[in-house]
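Chemist: Sharing upload36.txt here; it has compact mmCIF, C-alpha atoms.
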```
# COMPACT_ATOMS: atom_id res chain seq x y z
CA LEU A 21 0.00 0.00 0.00
CA HIS A 22 2.80 2.39 0.82
CA GLY A 23 4.51 1.53 -2.45
CA ILE A 24 1.51 2.18 -4.68
CA GLY A 25 0.22 5.20 -2.72
CA PRO A 26 2.18 7.83 -4.71
CA PHE A 27 0.58 6.54 -7.93
CA LEU A 28 -2.98 6.23 -6.58
CA PRO A 29 -3.63 9.37 -4.48
CA TRP A 30 -7.05 8.18 -3.30
CA ILE A 31 -5.37 5.27 -1.47
CA THR A 32 -3.06 7.71 0.32
CA ARG A 33 -6.09 9.78 1.37
CA LEU A 34 -7.91 6.65 2.55
CA LEU A 35 -4.96 5.50 4.67
CA GLY A 36 -4.44 8.92 6.21
CA GLU A 37 -0.83 8.98 4.99
CA PRO A 38 0.70 6.68 7.66
CA ASP A 39 4.44 6.15 7.66
CA ARG A 40 5.73 2.88 6.27
CA GLN A 41 6.90 1.61 9.66
CA THR A 42 3.34 1.90 11.01
CA LEU A 43 1.96 -0.03 8.04
CA GLU A 44 4.59 -2.74 8.45
CA ALA A 45 3.74 -3.12 12.16
CA MET A 46 0.03 -3.46 11.35
CA HIS A 47 0.86 -6.03 8.66
CA ILE A 48 2.83 -8.08 11.21
CA LEU A 49 -0.16 -7.96 13.59
CA TRP A 50 -2.52 -9.00 10.81
CA GLN A 51 -0.28 -11.93 9.91
CA GLU A 52 -0.17 -13.03 13.54
CA SER A 53 -3.93 -12.72 13.94
CA THR A 54 -4.67 -14.82 10.83
CA GLY A 55 -1.98 -17.47 11.38
CA VAL A 56 -1.33 -20.05 14.05
CA ARG A 57 1.40 -18.66 16.27
CA PRO A 58 3.16 -21.04 18.71
CA GLY A 59 2.21 -20.19 22.29
CA LYS A 60 -0.69 -17.96 21.31
CA SER A 61 -2.43 -16.89 24.51
CA PRO A 62 -6.21 -16.77 25.06
CA LEU A 63 -5.59 -13.75 27.30
CA ARG A 64 -4.42 -11.59 24.41
CA ARG A 65 -6.17 -10.47 21.23
CA THR A 66 -4.75 -8.34 18.45
CA ILE A 67 -6.84 -5.38 17.34
CA PHE A 68 -7.75 -7.46 14.28
CA ASP A 69 -8.94 -10.36 16.45
CA LEU A 70 -11.04 -7.93 18.45
CA ALA A 71 -12.57 -6.34 15.35
CA ARG A 72 -13.72 -9.77 14.15
CA SER A 73 -15.06 -11.09 17.45
CA ALA A 74 -16.30 -7.90 19.16
CA PRO A 75 -16.61 -4.99 16.70
CA THR A 76 -18.36 -2.68 19.16
CA GLU A 77 -15.69 -3.20 21.82
CA SER A 78 -13.02 -2.80 19.14
CA ALA A 79 -14.44 0.56 18.07
CA LEU A 80 -14.44 1.79 21.69
CA ILE A 81 -10.86 0.62 22.24
CA GLN A 82 -9.63 2.24 19.03
CA ALA A 83 -11.40 5.51 19.86
CA GLN A 84 -9.58 5.62 23.20
CA PHE A 85 -6.29 4.05 22.02
CA PRO A 86 -5.88 4.72 18.26
CA ASP A 87 -2.47 3.00 18.18
CA ALA A 88 -3.54 -0.17 20.04
CA TRP A 89 -1.92 -3.43 18.91
CA PHE A 90 -3.03 -5.91 21.57
CA VAL A 91 -5.76 -5.98 24.20
CA LEU A 92 -5.11 -8.13 27.28
CA GLU A 93 -8.00 -9.77 29.15
CA CYS A 94 -7.79 -9.51 32.95
CA ASP A 95 -10.08 -11.15 35.50
CA PRO A 96 -13.55 -9.57 36.01
CA ALA A 97 -12.80 -8.51 39.60
CA ASN A 98 -9.91 -6.27 38.52
CA ARG A 99 -11.27 -5.14 35.15
CA ALA A 100 -13.08 -2.12 36.59
CA ILE A 101 -9.85 -0.93 38.24
CA LEU A 102 -7.38 -1.66 35.46
CA GLY A 103 -9.67 -0.62 32.59
CA PRO A 104 -8.63 -1.61 29.07
CA VAL A 105 -5.15 -3.13 29.25
CA VAL A 106 -3.55 -2.24 25.93
CA VAL A 107 -0.17 -2.73 24.27
CA GLY A 108 0.87 -0.49 21.39
CA PRO A 109 3.90 1.35 20.00
CA SER A 110 3.68 3.82 22.89
CA GLY A 111 3.91 1.05 25.51
CA LEU A 112 1.76 -0.93 27.92
CA THR A 113 -1.22 1.01 29.28
CA ILE A 114 -2.92 -0.05 32.53
CA ALA A 115 -5.53 2.14 34.25
CA GLY A 116 -4.45 5.04 32.05
CA LYS A 117 -0.81 4.73 33.17
CA ARG A 118 1.94 3.73 30.78
CA LEU A 119 5.03 1.54 30.89
CA MET A 120 7.43 1.37 27.94
CA ASP A 121 10.50 -0.50 29.13
CA ALA A 122 10.27 -4.28 29.58
CA ALA A 123 13.23 -4.05 31.99
CA GLU A 124 11.31 -1.91 34.50
CA PRO A 125 9.60 -3.51 37.53
CA LEU A 126 6.29 -5.27 36.84
CA GLU A 127 5.05 -7.28 39.80
CA GLN A 128 2.29 -7.63 42.37
CA VAL A 129 2.92 -7.69 46.11
CA PRO A 130 0.68 -7.68 49.21
CA ASP A 131 0.71 -4.70 51.55
CA ALA A 132 0.71 -4.83 55.35
CA GLN A 133 -3.07 -5.43 55.36
CA GLY A 134 -2.80 -8.26 52.86
CA ARG A 135 -4.22 -6.26 49.96
CA TRP A 136 -2.54 -6.88 46.62
CA CYS A 137 -0.93 -4.01 44.70
CA LEU A 138 0.41 -3.96 41.16
CA PHE A 139 3.72 -2.15 40.73
CA PHE A 140 4.83 -1.28 37.21
CA GLY A 141 7.50 1.27 36.47
CA LYS A 142 6.87 4.18 38.84
CA HIS A 143 3.16 3.41 39.16
CA GLN A 144 1.19 1.56 41.82
CA ILE A 145 -2.41 0.30 41.63
CA GLU A 146 -4.35 -1.34 44.44
CA LEU A 147 -6.08 -4.50 43.19
CA ARG A 148 -9.32 -6.09 44.29
CA GLN A 149 -7.67 -9.48 44.28
CA LYS A 150 -4.41 -11.09 43.23
CA LEU A 151 -3.90 -11.22 39.49
CA PRO A 152 -3.50 -14.67 37.92
CA THR A 153 0.13 -15.54 37.27
CA ALA A 154 -0.66 -16.17 33.59
CA PHE A 155 -1.96 -12.61 33.20
CA LEU A 156 1.14 -11.13 34.82
CA GLN A 157 3.30 -13.18 32.46
CA GLU A 158 1.23 -11.93 29.53
CA LEU A 159 1.88 -8.31 30.57
CA ARG A 160 5.63 -8.93 30.44
CA ARG A 161 5.32 -10.81 27.17
CA GLY A 162 3.30 -7.94 25.69
CA LEU A 163 6.15 -5.52 26.40
CA ARG A 164 8.67 -7.89 24.82
CA ASP A 165 6.47 -8.39 21.75
CA ARG A 166 6.05 -4.64 21.41
CA LEU A 167 9.82 -4.32 21.06
CA ARG A 168 10.00 -7.30 18.68
CA ILE A 169 7.29 -5.91 16.39
CA ARG A 170 8.85 -2.44 16.35
CA GLU A 171 12.26 -3.84 15.41
CA GLU A 172 10.79 -6.10 12.72
CA ALA A 173 8.69 -3.24 11.32
CA ILE A 174 11.76 -0.97 11.13
CA ALA A 175 13.72 -3.67 9.32
CA ARG A 176 10.90 -4.23 6.82
CA ALA A 177 10.43 -0.51 6.25
CA GLU A 178 14.12 -0.08 5.47
CA SER A 179 14.04 -2.87 2.90
CA THR A 180 13.01 -2.31 -0.72
CA THR A 181 9.64 -0.64 -1.20
CA PHE A 182 8.83 -2.42 -4.42
CA THR A 183 8.04 -6.13 -4.30
CA PRO A 184 6.68 -8.44 -7.03
CA ARG A 185 3.22 -7.78 -5.63
CA THR A 186 3.75 -4.01 -5.94
CA ALA A 187 4.69 -4.49 -9.60
CA LEU A 188 1.60 -6.64 -10.19
CA LEU A 189 -0.70 -3.99 -8.70
CA LEU A 190 0.91 -1.18 -10.68
CA ALA A 191 1.13 -3.03 -14.03
CA PRO A 192 -2.28 -1.78 -15.31
CA LEU A 193 -1.02 1.81 -14.95
CA VAL A 194 1.93 1.35 -17.32
CA GLN A 195 1.85 3.49 -20.48
CA THR A 196 4.26 3.89 -23.37
CA CYS A 197 5.79 7.35 -23.77
CA SER A 198 4.96 8.72 -27.23
CA LEU A 199 8.33 10.49 -27.46
CA CYS A 200 10.85 7.92 -26.27
CA GLN A 201 8.76 4.74 -26.28
CA SER A 202 9.77 4.00 -22.68
CA ALA A 203 7.38 2.15 -20.38
CA VAL A 204 6.35 4.54 -17.61
CA ILE A 205 3.76 5.04 -14.89
CA VAL A 206 2.20 8.49 -15.17
CA ARG A 207 1.73 10.56 -12.00
CA THR A 208 -0.40 13.72 -12.17
CA GLY A 209 1.74 16.82 -11.78
CA ILE A 210 4.94 14.77 -11.38
CA LEU A 211 7.42 13.25 -13.80
CA GLY A 212 6.49 9.71 -14.73
CA ALA A 213 8.32 6.82 -13.09
CA ALA A 214 10.19 4.40 -15.31
CA TRP A 215 8.71 0.91 -15.13
CA THR A 216 12.24 -0.48 -14.70
CA GLN A 217 12.13 0.89 -11.13
CA PHE A 218 9.68 -1.84 -10.24
CA VAL A 219 10.70 -4.87 -12.25
CA VAL A 220 13.90 -6.09 -13.84
CA ASN A 221 12.08 -7.06 -17.08
CA PRO A 222 9.55 -4.26 -17.72
CA ARG A 223 7.63 -6.28 -20.28
CA GLY A 224 7.93 -9.63 -18.51
```
So that I can check it, write out the structure of this file as structure tokens.
Modeler:
Amino acid sequence: LHGIGPFLPWITRLLGEPDRQTLEAMHILWQESTGVRPGKSPLRRTIFDLARSAPTESALIQAQFPDAWFVLECDPANRAILGPVVVGPSGLTIAGKRLMDAAEPLEQVPDAQGRWCLFFGKHQIELRQKLPTAFLQELRRGLRDRLRIREEAIARAESTTFTPRTALLLAPLVQTCSLCQSAVIVRTGILGAAWTQFVVNPRG
């Protein structure tokens, strides 16, 4: 989409002109939501999973957290306190508070009265009951996956923009220049792009 956007302005307008790294990250999430990933947790849903299974909830989450990648499901007793637990490029958000670094503290401990508190980064939240161990592990995993997806998206964005699929999508736009007989893609108000930019054999 990012590769063909300059040649089809309406696609750029539809996408809101996101940077390529953002598109790559969303593509990784989509691939993970449609495939079978080893160790996939029932406590975590990508924003694509959520849109399929609970579109109303998905719309509410995206309105509040436009950059959400994952939504983590906590136990009902703590849900009202923690609110939507979301992982995105800006970090892990719990009860409106954010943690970005997976190396920072993330643990629950009882206070002197035996009430459980969640400590993450510099934040502290009093819980209604102890969080399941699996959920706490999923919080840590979410932070690690955030870093993994960001690094993979950066690597993809820095690779070549034009793939065989890009060439296939752009092929119907190819025209022959009446002056030099070169195969080009015409862009309104801009010099045409030589078809050889996209494929090694322009007529193949």
Chemist: Identify the residues within 12 Å of coordinate (4.0, -13.5, 20.6) (same frame as the file), considering all atoms listed in the file, and give the answer as a ChimeraX atom specification.
Modeler: /A:48-49,51-53,55-66,89-90,157-169
Chemist: Atoms to include: C-alpha atoms. Write the selected residues as a CSV table (one decimal), in the coordinates of the input.
Modeler:
```
chain,number,residue,atom,x,y,z
A,48,ILE,CA,2.8,-8.1,11.2
A,49,LEU,CA,-0.2,-8.0,13.6
A,51,GLN,CA,-0.3,-11.9,9.9
A,52,GLU,CA,-0.2,-13.0,13.5
A,53,SER,CA,-3.9,-12.7,13.9
A,55,GLY,CA,-2.0,-17.5,11.4
A,56,VAL,CA,-1.3,-20.0,14.0
A,57,ARG,CA,1.4,-18.7,16.3
A,58,PRO,CA,3.2,-21.0,18.7
A,59,GLY,CA,2.2,-20.2,22.3
A,60,LYS,CA,-0.7,-18.0,21.3
A,61,SER,CA,-2.4,-16.9,24.5
A,62,PRO,CA,-6.2,-16.8,25.1
A,63,LEU,CA,-5.6,-13.8,27.3
A,64,ARG,CA,-4.4,-11.6,24.4
A,65,ARG,CA,-6.2,-10.5,21.2
A,66,THR,CA,-4.8,-8.3,18.4
A,89,TRP,CA,-1.9,-3.4,18.9
A,90,PHE,CA,-3.0,-5.9,21.6
A,157,GLN,CA,3.3,-13.2,32.5
A,158,GLU,CA,1.2,-11.9,29.5
A,159,LEU,CA,1.9,-8.3,30.6
A,160,ARG,CA,5.6,-8.9,30.4
A,161,ARG,CA,5.3,-10.8,27.2
A,162,GLY,CA,3.3,-7.9,25.7
A,163,LEU,CA,6.2,-5.5,26.4
A,164,ARG,CA,8.7,-7.9,24.8
A,165,ASP,CA,6.5,-8.4,21.8
A,166,ARG,CA,6.0,-4.6,21.4
A,167,LEU,CA,9.8,-4.3,21.1
A,168,ARG,CA,10.0,-7.3,18.7
A,169,ILE,CA,7.3,-5.9,16.4
```
Chemist: Could you tell me how far CA of Thr42 (chain A) lies from CA of Gly116 (chain A), in Å and to one decimal?
Modeler: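 Taking CA of Thr42 (chain A) as the start and CA of Gly116 (chain A) as the end point, the length is 22.7 Å.
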Chemist: Between CA of Pro109 (chain A) and CA of Asp87 (chain A), what is the distance in Å, rounded to a tenth?
Modeler: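 CA of Asp87 (chain A) lies 6.8 Å from CA of Pro109 (chain A).
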Chemist: Please provide as a list in words all residues within 10 Å of Lys117 (chain A), with the sequence filter that same-chain residues fewer than 5 positions apart are discarded (counting all atoms listed in the file).
Modeler: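 In the requested format, the answer is Leu102, Val105, Gly111, Leu112, Phe140, Gly141, Lys142, His143, Gln144 and Ile145 of chain A.
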Chemist: So which one's closest to Gln133 (chain A), A:Pro152, A:Ala83, A:Glu146, A:Ala191? Using all atoms listed in the file, please.
Modeler: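 For Gln133 (chain A), the nearest of the candidates is A:Glu146.
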Chemist: Expressed in Å to a single decimal, how great is the separation between CA of Gln149 (chain A) and CA of Arg118 (chain A)?
Modeler: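 Separating CA of Gln149 (chain A) from CA of Arg118 (chain A) is a distance of 21.2 Å.
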Chemist: Using only C-alpha atoms, find the one residue out of A:Trp50, A:Trp136, A:Phe68, A:Phe85 that sits nearest to Leu151 (chain A).
Modeler: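 Closest to Leu151 (chain A), using only C-alpha atoms: A:Trp136.
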Chemist: Report the centre and edge lengths, in Å to one decimal, of an axis-aligned box enclosing every atom of region 117-124 of chain A listed in the file, padded by 3 Å on each side, as lines of an AutoDock Vina configuration file.
Modeler:
```
center_x = 6.2
center_y = 0.2
center_z = 31.2
size_x = 20.0
size_y = 15.0
size_z = 12.6
```
